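Here's the structure, in C-alpha cells; my notes come after.
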Amino acid sequence: MSLSLPSSSAAAAAAAAAASTSGSSSSPAAASSSSATTSWFSGIVRGRGEKSGTSKLSKSASMAGTGSGSGDYGGPIKGKNQFRGVLFKYGPKAIQVAFKTGEYKQQVIFIGGLTDGLLATDYLEPLAIALDKEKWSLVQLLMSSSYTGFGTSSLKQDAQEIDQLISYLINKENSEGVVLLGHSTGCQDIVYYMGTNAACSRAVRAAILQAPVSDREYKATLPETATMIDLAANMINEGRAEEIMPREADPCAPISAYRYHSLCAYMGDDDMFSSDLSDDQLKTRLGHMANTPCQVIFSMGDEYVPDYVDKKALVNRLSRAMGGAEKVEIEHGNHSLSNRVHEAVQAIIGFVKREGPSGWDDPWS
C-alpha cells in the first residue's frame, strides 16, 4: 500500500498552532479495544476483533489543542512541552525509565534515534492527544543508548531493553498489545528487535519506521569518516572493540570502535537502509519484517539523506524488502518532520487504527 502526503503550508501552520493552544477538539472515532483485567500470563484468551476502519483521521482530531483528552484526568498534554502521565522504571538500571500518557491497555512505544531521549520530536505532543482519543497510551522510553549513551551501546543492548519494557507492560499494565514507532536509528532498533524472536516480540502487533535512513551514507559525506573507519577496524582486530575512539570520530558523544564501525562501515550491524545495498542484501536484513504489519514514513526532504540518493526509489525498495510495507512519502518533510507535524500524526494514527490490535489474541500460543 502506498500513500502520498503532499506538503501544505496551511497544515504545517495549523500543526504548530495546535501544539501551543489549549482547548478541546471534536469528538474522536470510536475506541477499538476493550480493557483487560489480567495479564497475558494468566492464560485467558480473547478472540481478536476485526480491524478498525480505514477512515482518515480528521485534522481537528489529530491536531487537537493542548489540555484536551479522554477521561477526567485532563488529557495527556498540560501545555507546550508539558506531558501529563506516569513516569516509571521498567528495569534495574538507573536509565531504564519510561513515561506513559493515559491508562490504556494498548500502547504505542516511541523509540528515538541517536542522542534522543524524552520529547524527542515535535509530533509527539499532538500524537499523544490523538492516541488518547483512540484509547491508546504513548510510551517514551529511555535506554542505555539514550542521549550520549549511543556510542557505548548497541542494537543488541537496545533490543534487550525494549524487551524488558514490553515485559513490564504485559506483567504490570496488563497490556493487550503494542505498536513500535521508531524514529531515525530507532528504526534499526525495531528491525533488530523483531529479528530476535524474543518472547515479548509476539506482543508487537505493528511497526512504524519514521525516517529509516542510512547512517553510513550520511557519515560518508564527512571528511574524517574513511580514516576513522580504518582505525575502528584495526582496533576491533586488535581486540579493542569496546575502547573509545578519538574525539574527532564523533563530537556528540564518546563512541567505541565497535559502534563506530557498526554505524559507518559497509554492512555494519546498523547498516540496514543504505541505497547501495542490493535487493538480496536488503531482504536479508529486512525480510523478517514481512511477518509484522509495517509502515515506512519517508521524508522526501530528509537532510540526512545525501542528494545523490533517489529517495522515491529507495523507499520502494525498502517496502519490497519488508514484504510490501505500507509507504508514506511526505513531500518536503525534514528528518524529524518538525515542519510536517500534521502529516506525521495523520499517517501514524491512521495506521495504528487500521493495524493495531482491536482486542487481542494469545501471544504465547
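Note on naming: chains are A, B, ... as they come in the C-alpha cells, residues start from 1 per chain, ligands start from 1 in the order shown.
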
What's around region 305-319 of chain A at 7 Å? Count only C-alpha atoms, leave out sequence neighbours fewer than 6 positions away in its own chain, and write the answer as a tab-separated table (two decimals) with C-alpha atoms, in the first residue's frame.
```tsv
chain	number	residue	atom	x	y	z
A	213	VAL	CA	17.88	6.36	6.71
A	218	TYR	CA	25.40	10.31	5.69
A	275	SER	CA	20.73	2.79	-1.12
A	298	PHE	CA	9.89	8.62	4.47
A	325	ALA	CA	5.19	-2.49	3.81
A	326	GLU	CA	2.86	0.49	3.60
A	327	LYS	CA	4.65	3.56	2.23
```

Shell of 7 Å around region 191-196 of chain A, only C-alpha atoms, local chain residues under 4 positions omitted, as an mmCIF file with C-alpha atoms, in the first residue's frame:
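Output saved as result.cif:
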```
data_model
loop_
_atom_site.group_PDB
_atom_site.id
_atom_site.type_symbol
_atom_site.label_atom_id
_atom_site.label_comp_id
_atom_site.auth_asym_id
_atom_site.auth_seq_id
_atom_site.Cartn_x
_atom_site.Cartn_y
_atom_site.Cartn_z
ATOM 1 C CA LEU A 155 21.373 -2.584 18.734
ATOM 2 C CA ALA A 159 16.682 -4.832 21.839
ATOM 3 C CA CYS A 187 14.074 2.141 13.100
ATOM 4 C CA SER A 201 8.153 -9.551 20.479
ATOM 5 C CA LEU A 286 14.641 -6.569 6.474
ATOM 6 C CA HIS A 288 11.543 -10.805 8.555
ATOM 7 C CA MET A 289 9.516 -7.595 8.912
#
```

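Shortest atom-to-atom contact with Ile297 (chain A) among A:Ala233, A:Val341, A:Leu209, A:Met228: A:Leu209, counting only C-alpha atoms.
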
Contact residues around region 197-200 of chain A with only C-alpha atoms at 7 Å, ignoring same-chain residues under 6 positions, as a short mmCIF file (atom, residue, chain, number, x, y, z; two decimals) with all heavy atoms, in the first residue's frame:
```cif
data_model
loop_
_atom_site.label_atom_id
_atom_site.label_comp_id
_atom_site.auth_asym_id
_atom_site.auth_seq_id
_atom_site.Cartn_x
_atom_site.Cartn_y
_atom_site.Cartn_z
N ASP A 163 12.71 -5.23 25.05
CA ASP A 163 12.01 -6.43 25.51
C ASP A 163 11.64 -6.32 26.98
O ASP A 163 10.55 -6.75 27.40
CB ASP A 163 12.89 -7.66 25.26
CG ASP A 163 12.10 -8.96 25.29
OD1 ASP A 163 11.19 -9.11 24.44
OD2 ASP A 163 12.39 -9.82 26.15
N ILE A 166 8.51 -4.07 27.20
CA ILE A 166 7.28 -4.75 26.80
C ILE A 166 6.88 -5.77 27.86
O ILE A 166 5.69 -5.92 28.18
CB ILE A 166 7.46 -5.41 25.43
CG1 ILE A 166 7.74 -4.35 24.36
CG2 ILE A 166 6.21 -6.20 25.05
CD1 ILE A 166 8.06 -4.91 22.98
N SER A 167 7.85 -6.47 28.44
CA SER A 167 7.56 -7.42 29.51
C SER A 167 6.91 -6.70 30.69
O SER A 167 5.95 -7.21 31.29
CB SER A 167 8.85 -8.11 29.96
OG SER A 167 8.61 -8.97 31.06
#
```

Task: Selection near Ser175 (chain A), 7 Å with only C-alpha atoms, sequence-local residues under 5 positions removed, as a PyMOL selection string - done: chain A and resi 39+105-106+169-170

Please save N, CA, C and O atoms of the selected residues as a PDB file, in the first residue's frame.
```pdb
ATOM      1  N   SER A  39      -3.192 -10.255  33.065  1.00  0.00           N
ATOM      2  CA  SER A  39      -2.106 -10.196  32.104  1.00  0.00           C
ATOM      3  C   SER A  39      -2.156 -11.379  31.156  1.00  0.00           C
ATOM      4  O   SER A  39      -2.892 -12.337  31.346  1.00  0.00           O
ATOM      5  N   LYS A 105      -4.880  -0.024  27.766  1.00  0.00           N
ATOM      6  CA  LYS A 105      -4.320  -1.373  27.654  1.00  0.00           C
ATOM      7  C   LYS A 105      -3.553  -1.587  26.354  1.00  0.00           C
ATOM      8  O   LYS A 105      -3.021  -2.670  26.123  1.00  0.00           O
ATOM      9  N   GLN A 106      -3.514  -0.572  25.497  1.00  0.00           N
ATOM     10  CA  GLN A 106      -2.746  -0.648  24.254  1.00  0.00           C
ATOM     11  C   GLN A 106      -1.782   0.530  24.227  1.00  0.00           C
ATOM     12  O   GLN A 106      -2.159   1.653  24.585  1.00  0.00           O
ATOM     13  N   LEU A 169       5.125  -3.932  30.563  1.00  0.00           N
ATOM     14  CA  LEU A 169       3.769  -3.541  30.185  1.00  0.00           C
ATOM     15  C   LEU A 169       2.818  -4.733  30.233  1.00  0.00           C
ATOM     16  O   LEU A 169       1.644  -4.599  30.599  1.00  0.00           O
ATOM     17  N   ILE A 170       3.321  -5.914  29.866  1.00  0.00           N
ATOM     18  CA  ILE A 170       2.492  -7.118  29.919  1.00  0.00           C
ATOM     19  C   ILE A 170       2.172  -7.490  31.366  1.00  0.00           C
ATOM     20  O   ILE A 170       1.022  -7.736  31.726  1.00  0.00           O
TER      21      ILE A 170
END
```

May I have all residues of region 39-244 of chain A that DSSP, computed from the backbone, assigns to helix (DSSP H, G or I), given as a compact mmCIF listing (two decimals) with N, CA, C and O atoms, in the first residue's frame?
```txt
# COMPACT_ATOMS: atom_id res chain seq x y z
N TRP A 40 -1.34 -11.30 30.10
CA TRP A 40 -1.25 -12.39 29.14
C TRP A 40 -0.82 -13.70 29.81
O TRP A 40 -1.16 -14.77 29.35
N PHE A 41 -0.07 -13.58 30.90
CA PHE A 41 0.44 -14.78 31.54
C PHE A 41 -0.66 -15.57 32.25
O PHE A 41 -0.45 -16.68 32.68
N SER A 42 -1.84 -14.99 32.39
CA SER A 42 -2.92 -15.68 33.05
C SER A 42 -3.47 -16.82 32.21
O SER A 42 -4.16 -17.69 32.70
N LYS A 59 -8.33 16.46 10.63
CA LYS A 59 -7.29 17.37 11.11
C LYS A 59 -7.59 17.83 12.53
O LYS A 59 -6.70 17.94 13.36
N SER A 60 -8.86 18.05 12.82
CA SER A 60 -9.20 18.53 14.15
C SER A 60 -8.94 17.47 15.21
O SER A 60 -8.57 17.77 16.33
N ALA A 61 -9.11 16.19 14.83
CA ALA A 61 -8.87 15.12 15.80
C ALA A 61 -7.39 14.91 16.03
O ALA A 61 -6.95 14.71 17.16
N SER A 62 -6.60 14.95 14.94
CA SER A 62 -5.17 14.67 15.08
C SER A 62 -4.41 15.84 15.66
O SER A 62 -3.36 15.67 16.24
N LEU A 124 5.22 14.40 18.87
CA LEU A 124 4.79 13.56 19.98
C LEU A 124 3.64 14.18 20.77
O LEU A 124 2.76 13.44 21.26
N GLU A 125 3.61 15.50 20.92
CA GLU A 125 2.51 16.12 21.66
C GLU A 125 1.16 15.89 20.98
O GLU A 125 0.24 15.33 21.60
N PRO A 126 0.98 16.30 19.71
CA PRO A 126 -0.31 16.03 19.07
C PRO A 126 -0.58 14.54 18.89
O PRO A 126 -1.75 14.12 18.89
N LEU A 127 0.46 13.73 18.76
CA LEU A 127 0.25 12.29 18.66
C LEU A 127 -0.32 11.74 19.96
O LEU A 127 -1.23 10.89 19.94
N ALA A 128 0.19 12.20 21.10
CA ALA A 128 -0.32 11.74 22.39
C ALA A 128 -1.81 12.06 22.52
O ALA A 128 -2.59 11.25 23.03
N ILE A 129 -2.20 13.24 22.05
CA ILE A 129 -3.61 13.64 22.12
C ILE A 129 -4.46 12.77 21.22
O ILE A 129 -5.53 12.27 21.61
N ALA A 130 -4.00 12.55 19.98
CA ALA A 130 -4.74 11.74 19.03
C ALA A 130 -4.87 10.30 19.52
O ALA A 130 -5.93 9.67 19.40
N LEU A 131 -3.79 9.74 20.08
CA LEU A 131 -3.84 8.38 20.60
C LEU A 131 -4.78 8.28 21.79
O LEU A 131 -5.51 7.29 21.94
N ASP A 132 -4.77 9.30 22.65
CA ASP A 132 -5.63 9.30 23.82
C ASP A 132 -7.10 9.21 23.41
O ASP A 132 -7.90 8.52 24.05
N LYS A 133 -7.46 9.86 22.34
CA LYS A 133 -8.83 9.83 21.86
C LYS A 133 -9.23 8.45 21.34
O LYS A 133 -10.41 8.11 21.31
N TYR A 147 20.36 9.71 24.71
CA TYR A 147 21.21 10.89 24.82
C TYR A 147 22.63 10.58 24.33
O TYR A 147 22.79 10.20 23.18
N THR A 148 23.64 10.71 25.17
CA THR A 148 25.01 10.46 24.70
C THR A 148 25.46 9.01 24.91
O THR A 148 26.63 8.69 24.71
N GLY A 149 24.54 8.15 25.29
CA GLY A 149 24.91 6.76 25.56
C GLY A 149 25.02 5.89 24.32
O GLY A 149 25.48 4.75 24.41
N PHE A 150 24.60 6.41 23.16
CA PHE A 150 24.57 5.57 21.96
C PHE A 150 25.96 5.06 21.57
O PHE A 150 26.09 3.99 20.98
N GLY A 151 26.99 5.85 21.88
CA GLY A 151 28.33 5.49 21.44
C GLY A 151 28.91 4.27 22.13
O GLY A 151 29.83 3.64 21.60
N THR A 152 28.39 3.94 23.29
CA THR A 152 28.91 2.78 24.03
C THR A 152 27.84 1.70 24.17
O THR A 152 27.96 0.82 25.02
N LEU A 155 22.73 -2.17 19.05
CA LEU A 155 21.37 -2.58 18.73
C LEU A 155 20.96 -3.77 19.60
O LEU A 155 19.80 -3.88 20.02
N LYS A 156 21.90 -4.65 19.88
CA LYS A 156 21.60 -5.80 20.73
C LYS A 156 21.18 -5.36 22.12
O LYS A 156 20.19 -5.87 22.68
N GLN A 157 21.90 -4.39 22.69
CA GLN A 157 21.55 -3.89 24.01
C GLN A 157 20.20 -3.20 23.98
O GLN A 157 19.36 -3.38 24.88
N ASP A 158 19.95 -2.39 22.95
CA ASP A 158 18.65 -1.73 22.82
C ASP A 158 17.52 -2.75 22.76
O ASP A 158 16.48 -2.57 23.39
N ALA A 159 17.73 -3.82 21.99
CA ALA A 159 16.68 -4.83 21.84
C ALA A 159 16.37 -5.49 23.18
O ALA A 159 15.19 -5.75 23.49
N GLN A 160 17.38 -5.75 23.97
CA GLN A 160 17.15 -6.35 25.28
C GLN A 160 16.32 -5.43 26.17
O GLN A 160 15.42 -5.88 26.90
N GLU A 161 16.59 -4.13 26.09
CA GLU A 161 15.88 -3.19 26.95
C GLU A 161 14.45 -2.94 26.43
O GLU A 161 13.53 -2.73 27.23
N ILE A 162 14.27 -2.95 25.12
CA ILE A 162 12.91 -2.86 24.58
C ILE A 162 12.10 -4.06 25.04
O ILE A 162 10.92 -3.93 25.42
N ASP A 163 12.71 -5.23 25.05
CA ASP A 163 12.01 -6.43 25.51
C ASP A 163 11.64 -6.32 26.98
O ASP A 163 10.55 -6.75 27.40
N GLN A 164 12.54 -5.73 27.77
CA GLN A 164 12.23 -5.53 29.19
C GLN A 164 11.03 -4.61 29.36
O GLN A 164 10.17 -4.85 30.22
N LEU A 165 10.96 -3.55 28.56
CA LEU A 165 9.84 -2.62 28.65
C LEU A 165 8.52 -3.32 28.29
O LEU A 165 7.52 -3.18 29.00
N ILE A 166 8.51 -4.07 27.20
CA ILE A 166 7.28 -4.75 26.80
C ILE A 166 6.88 -5.77 27.86
O ILE A 166 5.69 -5.92 28.18
N SER A 167 7.85 -6.47 28.44
CA SER A 167 7.56 -7.42 29.51
C SER A 167 6.91 -6.70 30.69
O SER A 167 5.95 -7.21 31.29
N TYR A 168 7.42 -5.52 31.02
CA TYR A 168 6.82 -4.74 32.12
C TYR A 168 5.37 -4.38 31.79
O TYR A 168 4.47 -4.52 32.63
N LEU A 169 5.13 -3.93 30.56
CA LEU A 169 3.77 -3.54 30.18
C LEU A 169 2.82 -4.73 30.23
O LEU A 169 1.64 -4.60 30.60
N ILE A 170 3.32 -5.91 29.87
CA ILE A 170 2.49 -7.12 29.92
C ILE A 170 2.17 -7.49 31.37
O ILE A 170 1.02 -7.74 31.73
N ASN A 171 3.20 -7.52 32.21
CA ASN A 171 3.03 -8.02 33.57
C ASN A 171 2.45 -7.01 34.54
O ASN A 171 1.70 -7.38 35.46
N LYS A 172 2.80 -5.74 34.37
CA LYS A 172 2.37 -4.73 35.33
C LYS A 172 1.18 -3.91 34.85
O LYS A 172 0.42 -3.37 35.66
N GLU A 173 1.04 -3.77 33.53
CA GLU A 173 -0.02 -2.93 32.99
C GLU A 173 -1.09 -3.73 32.24
O GLU A 173 -2.01 -3.16 31.68
N THR A 185 17.49 6.18 13.94
CA THR A 185 18.14 4.93 14.33
C THR A 185 17.22 4.05 15.17
O THR A 185 17.47 2.85 15.32
N GLY A 186 16.15 4.62 15.70
CA GLY A 186 15.13 3.80 16.36
C GLY A 186 14.50 2.81 15.40
O GLY A 186 13.98 1.77 15.82
N CYS A 187 14.56 3.10 14.10
CA CYS A 187 14.07 2.14 13.10
C CYS A 187 14.96 0.90 13.08
O CYS A 187 14.46 -0.24 12.98
N GLN A 188 16.29 1.09 13.16
CA GLN A 188 17.18 -0.06 13.23
C GLN A 188 16.90 -0.89 14.48
O GLN A 188 16.94 -2.12 14.44
N ASP A 189 16.59 -0.21 15.59
CA ASP A 189 16.26 -0.93 16.82
C ASP A 189 15.07 -1.86 16.61
O ASP A 189 15.08 -3.01 17.06
N ILE A 190 14.04 -1.35 15.94
CA ILE A 190 12.84 -2.16 15.72
C ILE A 190 13.15 -3.37 14.84
O ILE A 190 12.77 -4.50 15.15
N VAL A 191 13.86 -3.12 13.73
CA VAL A 191 14.19 -4.21 12.82
C VAL A 191 15.03 -5.27 13.55
O VAL A 191 14.78 -6.48 13.41
N TYR A 192 16.01 -4.83 14.31
CA TYR A 192 16.85 -5.78 15.03
C TYR A 192 16.03 -6.55 16.06
O TYR A 192 16.13 -7.78 16.16
N TYR A 193 15.21 -5.83 16.83
CA TYR A 193 14.42 -6.48 17.88
C TYR A 193 13.47 -7.52 17.30
O TYR A 193 13.37 -8.64 17.82
N MET A 194 12.80 -7.17 16.21
CA MET A 194 11.84 -8.11 15.64
C MET A 194 12.54 -9.33 15.03
O MET A 194 11.91 -10.37 14.83
N GLY A 195 13.82 -9.21 14.76
CA GLY A 195 14.58 -10.34 14.25
C GLY A 195 15.10 -11.27 15.33
O GLY A 195 15.60 -12.36 15.03
N THR A 196 14.98 -10.86 16.60
CA THR A 196 15.48 -11.70 17.70
C THR A 196 14.51 -12.81 18.07
O THR A 196 14.90 -13.77 18.73
N ALA A 199 10.58 -13.50 23.28
CA ALA A 199 9.22 -13.89 23.66
C ALA A 199 8.24 -12.73 23.59
O ALA A 199 7.14 -12.85 23.04
N CYS A 200 8.65 -11.59 24.10
CA CYS A 200 7.73 -10.45 24.15
C CYS A 200 7.53 -9.78 22.79
O CYS A 200 6.63 -8.95 22.64
N SER A 201 8.36 -10.13 21.81
CA SER A 201 8.15 -9.55 20.48
C SER A 201 6.84 -10.01 19.87
O SER A 201 6.32 -9.39 18.95
N ARG A 202 6.26 -11.10 20.41
CA ARG A 202 4.96 -11.55 19.93
C ARG A 202 3.86 -10.55 20.28
O ARG A 202 2.77 -10.61 19.70
N ALA A 203 4.13 -9.69 21.24
CA ALA A 203 3.15 -8.68 21.62
C ALA A 203 3.14 -7.50 20.67
O ALA A 203 2.27 -6.63 20.76
N ASP A 215 22.84 5.75 8.29
CA ASP A 215 23.89 6.49 8.99
C ASP A 215 25.19 6.43 8.18
O ASP A 215 25.94 7.41 8.12
N ARG A 216 25.44 5.29 7.56
CA ARG A 216 26.69 5.12 6.80
C ARG A 216 26.77 6.09 5.62
O ARG A 216 27.81 6.74 5.42
N GLU A 217 25.68 6.22 4.88
CA GLU A 217 25.73 7.10 3.71
C GLU A 217 25.86 8.56 4.12
O GLU A 217 26.54 9.34 3.43
N TYR A 218 25.22 8.93 5.23
CA TYR A 218 25.40 10.31 5.69
C TYR A 218 26.83 10.53 6.19
O TYR A 218 27.48 11.52 5.84
N LYS A 219 27.33 9.62 7.00
CA LYS A 219 28.68 9.77 7.54
C LYS A 219 29.73 9.80 6.43
O LYS A 219 30.78 10.46 6.57
N THR A 225 35.56 10.48 7.95
CA THR A 225 34.95 9.16 8.16
C THR A 225 35.83 8.01 7.67
O THR A 225 35.99 7.00 8.37
N ALA A 226 36.41 8.10 6.48
CA ALA A 226 37.19 6.99 5.94
C ALA A 226 38.35 6.61 6.85
O ALA A 226 38.60 5.43 7.13
N THR A 227 39.06 7.63 7.36
CA THR A 227 40.18 7.37 8.26
C THR A 227 39.70 6.73 9.55
O THR A 227 40.33 5.79 10.08
N MET A 228 38.58 7.20 10.07
CA MET A 228 38.06 6.68 11.32
C MET A 228 37.55 5.24 11.17
O MET A 228 37.67 4.43 12.10
N ILE A 229 37.00 4.91 10.02
CA ILE A 229 36.55 3.53 9.79
C ILE A 229 37.75 2.59 9.82
O ILE A 229 37.70 1.50 10.44
N ASP A 230 38.85 2.99 9.18
CA ASP A 230 40.06 2.17 9.19
C ASP A 230 40.58 1.99 10.60
O ASP A 230 40.97 0.88 11.01
N LEU A 231 40.56 3.07 11.39
CA LEU A 231 41.02 2.98 12.77
C LEU A 231 40.13 2.05 13.58
O LEU A 231 40.63 1.21 14.35
N ALA A 232 38.83 2.19 13.41
CA ALA A 232 37.90 1.33 14.15
C ALA A 232 38.12 -0.14 13.79
O ALA A 232 38.12 -1.02 14.68
N ALA A 233 38.32 -0.43 12.50
CA ALA A 233 38.54 -1.81 12.07
C ALA A 233 39.81 -2.37 12.69
O ALA A 233 39.84 -3.54 13.14
N ASN A 234 40.87 -1.56 12.73
CA ASN A 234 42.12 -2.01 13.34
C ASN A 234 41.95 -2.28 14.83
O ASN A 234 42.48 -3.28 15.36
N MET A 235 41.25 -1.39 15.52
CA MET A 235 41.02 -1.58 16.96
C MET A 235 40.23 -2.86 17.22
O MET A 235 40.52 -3.60 18.16
N ILE A 236 39.23 -3.12 16.39
CA ILE A 236 38.42 -4.34 16.55
C ILE A 236 39.29 -5.57 16.33
O ILE A 236 39.23 -6.54 17.09
N ASN A 237 40.13 -5.55 15.30
CA ASN A 237 41.02 -6.68 15.01
C ASN A 237 42.02 -6.93 16.12
O ASN A 237 42.49 -8.06 16.31
```

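Using only C-alpha atoms, the nearest neighbour of Gly287 (chain A) within the list A:Met245, A:Ala211, A:Ala321, A:Val178 is A:Ala321.
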
TODO: Pick out the closest residue to Gly356 (chain A) from this set: A:Val328, A:Leu337, A:Leu180, A:Leu118. Count only C-alpha atoms.
DONE: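 Between A:Val328, A:Leu337, A:Leu180, A:Leu118, the residue approaching Gly356 (chain A) most closely is A:Leu180.
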
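Using only C-alpha atoms, the shortest contact distance between Ala120 (chain A) and any of A:His261, A:His342, A:Lys89, A:His335 is found at A:His335.
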
- [ ] May I ask which of the residues A:Ser214, A:Thr284, A:Ser299, A:Asn174 is the closest one to Tyr266 (chain A), counting only C-alpha atoms?
- [x]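 Under the stated criterion, the closest residue is A:Ser214.
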
TODO: Have a look at CA of Ser154 (chain A) and CA of Ser184 (chain A) and let me know their distance in Å, one decimal.
DONE: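 Separation of CA of Ser154 (chain A) and CA of Ser184 (chain A): 14.7 Å.
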
- [ ] List every residue of region 99-154 of chain A that DSSP, applied to the backbone, labels as strand (DSSP E or B), and write the result as a list in words.
- [x]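 These are the residues in question: Phe99, Lys100, Thr101, Gln106, Gln107, Val108, Ile109, Phe110, Ile111, Ser137, Leu138, Val139, Gln140 and Leu141 of chain A.
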
Open item on the list: Please list as a list in words every residue within 7 Å of Ala206 (chain A), counting only C-alpha atoms and excluding residues in the same chain fewer than 4 positions away.
Closed with: Val179, Leu180, Thr292, Pro293, Cys294, Glu355 and Gly356 of chain A

- [ ] Go through A:Leu181, A:Leu138, A:Met143, A:Leu119 one by one, measure the shortest atom-to-atom distance of each to Ala94 (chain A) using only C-alpha atoms, and give the residue with the smallest value.
- [x] A:Met143

Task: Atomic separation - CA of Gln107 (chain A) relative to CA of Val352 (chain A), Å - done: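 These atoms are spaced 10.1 Å apart.
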
Open item on the list: Which residues are near Arg247 (chain A)? Cut-off 12 Å, only C-alpha atoms, ignore same chain within fewer than 3 positions. Put them as a list of chain:residue names.
Closed with: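 Everything that qualifies: A:Gly151, A:Glu224, A:Met228, A:Ile244, A:Asp250, A:Pro251, A:Cys252, A:Ala253, A:Pro254, A:Ile255, A:Ser256, A:Ala257, A:Tyr260.
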